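A short worksheet on the structure shown next.
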Amino acid sequence: MSILLDVTLRDGGYVNGHGWTLGEAESIVRTVGLVGVNCAEVGYLRDQHDARRPSASCPPAYLAALAAVAERPALAVMVRPGEVSLDRIAELPHQGVSMARVLVAGGSITRAEPYVAAARAAGLDVAMNLTRVSERSPDEVAAATAACAAAGAHVVYLADSNGSLDSERVSTLVAAAVGASEVPVGFHAHDNLGLAYGNAKAALTAGATAVDASIGGVGKGGGNLRLEVIVAHLIVRHGAKLRFDPIAADRTTLATQLRMLADDTSKSVLTGMLDVNLDGADHFYDLVATQGYDAAVQALTERTRTTAISAATACGAENHLERNTQIHD
């Protein structure tokens, strides 16, 4: 594996409302640097700034402060097309940022291309993140990965946004992406079903060379791959020149970890099992609120099966029904 990227500040920001203080952000960056992590993703890059929530927009002063942290890793920011001007991307190298990660939501590579071009023109490393890959077939993932590479990505990440993949599906999707791409492939796990570690190992075995993780697994939904787990794995199983002590000694994220544990995890488990994205789960939440979990699961399961049957009938392919049933069961 060539890239271990920490997402504590950006993805963990979903847990605490991106309320990291500057001191906390500096401590996290320092910790992952001491561990030996290649890169720390420090937040979303947006034009609209809120001084109380710096990781939500990465204002220049915030980036400059993190760039001044001693023994830090390289810094990365997440770019969502439509939320930031191209001029802002051009300024990033002067603020200590080395990588731009451009979201490819809904497979819209065309929307992402101007941001990729701007980042490359600025001399940044560029990653493109394909979201919700659990909803895509291997052929679709392969085609999207190849298109991202053609658009100028230096690395393409497959994100299990819904937290619904298992190791078999991860292996299939990553292998398809690796086979179609001339650039490295990465994997971004979510832990809704407690499978993030196994899925990350499956991704690496299938040819991925980049993995995301966060301290304590803090992150959206069921959280992310725990940094301490993948670091221990890489040290013990692969002889990686990483350090575990800095994570063990860190206390910066404890409040956020406790907050994540205190939140209702049942929704994360069930949305992961049903392959429902948290950003579009209002219908699921409404069903839970009015009818309870069992009724909500039954309703969505029946809807999924009905959709699969309709699709199979429309194309006259029995194996289509079998494939979709396997994916959602």
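Going through the structure tokens in order, the chains are called A, B, and so on, while each chain numbers its residues from 1 and the ligands are numbered from 1 in the order shown.
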Neighbouring residues of A:Ala189 were defined as those with any atom within 7 Å, considering only C-alpha atoms; residues of the same chain fewer than 2 positions away were excluded. Please report them as a VMD selection string. chain A and resid 159 to 160 163 187 191 196 200 224 to 225
Quick one: DSSP alpha helix (DSSP H) residues in stretch 62-306 of chain A, as number ranges by chain? A: 62-67, 86-91, 109-121, 138-151, 167-180, 196-205, 227-238, 245-249, 254-262, 266-274, 282-291, 293-306
Please, which residues of stretch 8-155 of chain A, numbered as in this document, come out strand (DSSP E) from DSSP, as a VMD selection string? chain A and resid 39 to 44 74 to 79 97 to 104 125 to 130 155
Write the selection just made, keeping N, CA and C atoms, as a PDB file, in the first residue's frame?
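Here's the written file part.pdb:
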ATOM      1  N   CYS A  39      -0.938  11.219   4.559  1.00  0.00           N
ATOM      2  CA  CYS A  39      -1.708  12.420   4.238  1.00  0.00           C
ATOM      3  C   CYS A  39      -2.887  12.552   5.201  1.00  0.00           C
ATOM      4  N   ALA A  40      -3.227  13.786   5.565  1.00  0.00           N
ATOM      5  CA  ALA A  40      -4.376  14.063   6.418  1.00  0.00           C
ATOM      6  C   ALA A  40      -5.353  14.950   5.660  1.00  0.00           C
ATOM      7  N   GLU A  41      -6.569  14.464   5.502  1.00  0.00           N
ATOM      8  CA  GLU A  41      -7.623  15.264   4.874  1.00  0.00           C
ATOM      9  C   GLU A  41      -8.251  16.129   5.957  1.00  0.00           C
ATOM     10  N   VAL A  42      -8.149  17.453   5.800  1.00  0.00           N
ATOM     11  CA  VAL A  42      -8.459  18.356   6.916  1.00  0.00           C
ATOM     12  C   VAL A  42      -9.816  19.023   6.807  1.00  0.00           C
ATOM     13  N   GLY A  43     -10.590  18.716   5.772  1.00  0.00           N
ATOM     14  CA  GLY A  43     -11.931  19.269   5.690  1.00  0.00           C
ATOM     15  C   GLY A  43     -12.406  19.454   4.271  1.00  0.00           C
ATOM     16  N   TYR A  44     -13.609  20.043   4.160  1.00  0.00           N
ATOM     17  CA  TYR A  44     -14.181  20.412   2.864  1.00  0.00           C
ATOM     18  C   TYR A  44     -13.688  21.799   2.469  1.00  0.00           C
ATOM     19  N   ALA A  74       1.353  15.238   4.667  1.00  0.00           N
ATOM     20  CA  ALA A  74       0.817  16.094   3.613  1.00  0.00           C
ATOM     21  C   ALA A  74      -0.645  16.394   3.941  1.00  0.00           C
ATOM     22  N   LEU A  75      -1.128  17.538   3.468  1.00  0.00           N
ATOM     23  CA  LEU A  75      -2.508  17.951   3.743  1.00  0.00           C
ATOM     24  C   LEU A  75      -3.359  17.819   2.478  1.00  0.00           C
ATOM     25  N   ALA A  76      -4.592  17.372   2.689  1.00  0.00           N
ATOM     26  CA  ALA A  76      -5.546  17.242   1.593  1.00  0.00           C
ATOM     27  C   ALA A  76      -6.851  17.920   1.967  1.00  0.00           C
ATOM     28  N   VAL A  77      -7.603  18.348   0.960  1.00  0.00           N
ATOM     29  CA  VAL A  77      -8.946  18.891   1.166  1.00  0.00           C
ATOM     30  C   VAL A  77      -9.906  18.173   0.235  1.00  0.00           C
ATOM     31  N   MET A  78     -11.166  18.118   0.646  1.00  0.00           N
ATOM     32  CA  MET A  78     -12.207  17.526  -0.193  1.00  0.00           C
ATOM     33  C   MET A  78     -12.947  18.626  -0.942  1.00  0.00           C
ATOM     34  N   VAL A  79     -13.105  18.432  -2.232  1.00  0.00           N
ATOM     35  CA  VAL A  79     -13.772  19.412  -3.093  1.00  0.00           C
ATOM     36  C   VAL A  79     -15.056  18.798  -3.639  1.00  0.00           C
ATOM     37  N   VAL A  97      -1.348  22.956   1.133  1.00  0.00           N
ATOM     38  CA  VAL A  97      -2.121  21.781   0.732  1.00  0.00           C
ATOM     39  C   VAL A  97      -1.443  21.094  -0.451  1.00  0.00           C
ATOM     40  N   SER A  98      -1.385  19.762  -0.384  1.00  0.00           N
ATOM     41  CA  SER A  98      -0.713  18.980  -1.422  1.00  0.00           C
ATOM     42  C   SER A  98      -1.670  18.201  -2.315  1.00  0.00           C
ATOM     43  N   MET A  99      -2.873  17.919  -1.802  1.00  0.00           N
ATOM     44  CA  MET A  99      -3.807  17.077  -2.557  1.00  0.00           C
ATOM     45  C   MET A  99      -5.217  17.652  -2.524  1.00  0.00           C
ATOM     46  N   ALA A 100      -5.878  17.583  -3.671  1.00  0.00           N
ATOM     47  CA  ALA A 100      -7.313  17.876  -3.753  1.00  0.00           C
ATOM     48  C   ALA A 100      -8.037  16.573  -4.057  1.00  0.00           C
ATOM     49  N   ARG A 101      -9.051  16.284  -3.261  1.00  0.00           N
ATOM     50  CA  ARG A 101      -9.879  15.099  -3.492  1.00  0.00           C
ATOM     51  C   ARG A 101     -11.227  15.589  -4.020  1.00  0.00           C
ATOM     52  N   VAL A 102     -11.549  15.241  -5.243  1.00  0.00           N
ATOM     53  CA  VAL A 102     -12.741  15.755  -5.909  1.00  0.00           C
ATOM     54  C   VAL A 102     -13.832  14.679  -5.881  1.00  0.00           C
ATOM     55  N   LEU A 103     -14.974  15.038  -5.307  1.00  0.00           N
ATOM     56  CA  LEU A 103     -16.097  14.109  -5.222  1.00  0.00           C
ATOM     57  C   LEU A 103     -16.752  13.908  -6.583  1.00  0.00           C
ATOM     58  N   VAL A 104     -17.030  12.677  -6.906  1.00  0.00           N
ATOM     59  CA  VAL A 104     -17.790  12.351  -8.111  1.00  0.00           C
ATOM     60  C   VAL A 104     -19.099  11.733  -7.623  1.00  0.00           C
ATOM     61  N   ASP A 125      -1.571  16.996  -6.229  1.00  0.00           N
ATOM     62  CA  ASP A 125      -2.003  15.628  -6.474  1.00  0.00           C
ATOM     63  C   ASP A 125      -3.527  15.641  -6.489  1.00  0.00           C
ATOM     64  N   VAL A 126      -4.111  14.836  -7.363  1.00  0.00           N
ATOM     65  CA  VAL A 126      -5.564  14.857  -7.524  1.00  0.00           C
ATOM     66  C   VAL A 126      -6.133  13.457  -7.354  1.00  0.00           C
ATOM     67  N   ALA A 127      -7.068  13.344  -6.424  1.00  0.00           N
ATOM     68  CA  ALA A 127      -7.836  12.111  -6.263  1.00  0.00           C
ATOM     69  C   ALA A 127      -9.270  12.392  -6.680  1.00  0.00           C
ATOM     70  N   MET A 128      -9.909  11.402  -7.267  1.00  0.00           N
ATOM     71  CA  MET A 128     -11.343  11.487  -7.551  1.00  0.00           C
ATOM     72  C   MET A 128     -12.022  10.376  -6.771  1.00  0.00           C
ATOM     73  N   ASN A 129     -13.076  10.740  -6.038  1.00  0.00           N
ATOM     74  CA  ASN A 129     -13.768   9.803  -5.157  1.00  0.00           C
ATOM     75  C   ASN A 129     -15.131   9.436  -5.734  1.00  0.00           C
ATOM     76  N   LEU A 130     -15.276   8.186  -6.138  1.00  0.00           N
ATOM     77  CA  LEU A 130     -16.549   7.690  -6.639  1.00  0.00           C
ATOM     78  C   LEU A 130     -17.414   7.279  -5.450  1.00  0.00           C
ATOM     79  N   VAL A 155      -5.212   9.264  -8.591  1.00  0.00           N
ATOM     80  CA  VAL A 155      -5.709   8.097  -7.867  1.00  0.00           C
ATOM     81  C   VAL A 155      -7.225   8.181  -7.840  1.00  0.00           C
TER      82      VAL A 155
END
Distance in Å - atom CA of A:Ala67 versus atom CA of A:Gln95: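 One can read the atom CA of A:Ala67 to atom CA of A:Gln95 distance as 7.0 Å.
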If we count only C-alpha atoms, what is near A:Ser171 at a cut-off of 12 Å, once residues fewer than 6 positions away on the same chain are taken out, given as a list in words?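 Counting only C-alpha atoms, the residues come to Ser134, Pro138, Leu158, Leu165, Ala177, Val178, Gly179, Phe187, Gly198, Asn199, Ala200, Lys201, Ala202, Ala203, Leu204, Thr205, Ala206, Gly207 and Ala208 of chain A.
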Calculate how many Å separate atom CA of A:Arg88 from atom CA of A:Thr8, rounding to one decimal.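 We find that atom CA of A:Arg88 and atom CA of A:Thr8 lie 22.9 Å from each other.
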Using only C-alpha atoms, which of A:Ala262, A:Ala105, A:Met273, A:Ala25 sits nearest A:Thr131?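 Of A:Ala262, A:Ala105, A:Met273, A:Ala25, the one nearest A:Thr131 is A:Ala105, counting only C-alpha atoms.
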So which one's closest to A:Leu66, A:Leu9, A:Ile3, A:Ala248, A:Ile109? Using only C-alpha atoms, please.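 Once distances to A:Leu66 are computed over only C-alpha atoms, the minimum belongs to A:Leu9.
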How far is it from atom CA of A:Val183 to atom CA of A:Cys148, in Å with one decimal?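 Taking atom CA of A:Val183 and atom CA of A:Cys148, their separation equals 9.3 Å.
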From the set A:Thr265, A:Ser27, A:Ser55, A:Ser85, which residue has the shortest atom-to-atom contact distance to A:Gly194, counting only C-alpha atoms?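 Closest to A:Gly194 of all the choices is A:Thr265.
Taking only C-alpha atoms into account, A:Arg10 lies nearest to A:Val218 out of the set A:Ala149, A:Val218, A:Ile230, A:Val185.
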Can you tell me, as a tab-separated table (two decimals) with N, CA and C atoms, in the first residue's frame, what residues are no more than 12 Å from A:Leu254 when counting only C-alpha atoms, ignoring any on the same chain fewer than 5 positions away?
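Generated output (out-v1.tsv):
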chain	number	residue	atom	x	y	z
A	8	THR	N	-9.98	11.91	9.75
A	8	THR	CA	-10.59	12.23	11.04
A	8	THR	C	-11.28	13.60	11.02
A	12	GLY	N	-14.93	12.80	10.30
A	12	GLY	CA	-15.30	12.89	11.70
A	12	GLY	C	-16.09	14.14	12.03
A	15	VAL	N	-19.77	13.99	12.82
A	15	VAL	CA	-20.21	13.58	14.16
A	15	VAL	C	-20.35	14.79	15.08
A	16	ASN	N	-19.42	15.73	14.99
A	16	ASN	CA	-19.44	16.88	15.91
A	16	ASN	C	-19.83	18.18	15.23
A	24	GLU	N	-7.59	21.46	18.43
A	24	GLU	CA	-7.88	20.05	18.21
A	24	GLU	C	-7.41	19.61	16.83
A	28	ILE	N	-4.66	16.67	16.04
A	28	ILE	CA	-4.95	15.50	15.20
A	28	ILE	C	-3.94	15.39	14.07
A	215	ILE	N	-9.15	8.24	13.28
A	215	ILE	CA	-8.88	7.89	14.67
A	215	ILE	C	-10.18	7.48	15.35
A	216	GLY	N	-10.18	6.30	15.96
A	216	GLY	CA	-11.39	5.82	16.62
A	216	GLY	C	-12.52	5.50	15.67
A	217	GLY	N	-12.27	5.57	14.36
A	217	GLY	CA	-13.31	5.31	13.38
A	217	GLY	C	-14.35	6.41	13.27
A	218	VAL	N	-14.07	7.61	13.82
A	218	VAL	CA	-15.08	8.66	13.80
A	218	VAL	C	-15.43	9.01	12.36
A	247	ILE	N	-1.17	7.23	18.50
A	247	ILE	CA	-2.62	7.06	18.53
A	247	ILE	C	-3.08	6.67	19.93
A	248	ALA	N	-2.34	5.75	20.56
A	248	ALA	CA	-2.71	5.30	21.90
A	248	ALA	C	-2.69	6.44	22.90
A	249	ALA	N	-1.78	7.40	22.69
A	249	ALA	CA	-1.64	8.51	23.63
A	249	ALA	C	-2.61	9.66	23.34
A	259	ARG	N	-19.52	10.69	21.45
A	259	ARG	CA	-20.73	11.22	20.83
A	259	ARG	C	-21.24	10.26	19.75
A	260	MET	N	-20.30	9.69	18.98
A	260	MET	CA	-20.69	8.74	17.94
A	260	MET	C	-21.32	7.50	18.56
A	261	LEU	N	-20.74	7.03	19.67
A	261	LEU	CA	-21.28	5.86	20.34
A	261	LEU	C	-22.66	6.14	20.93
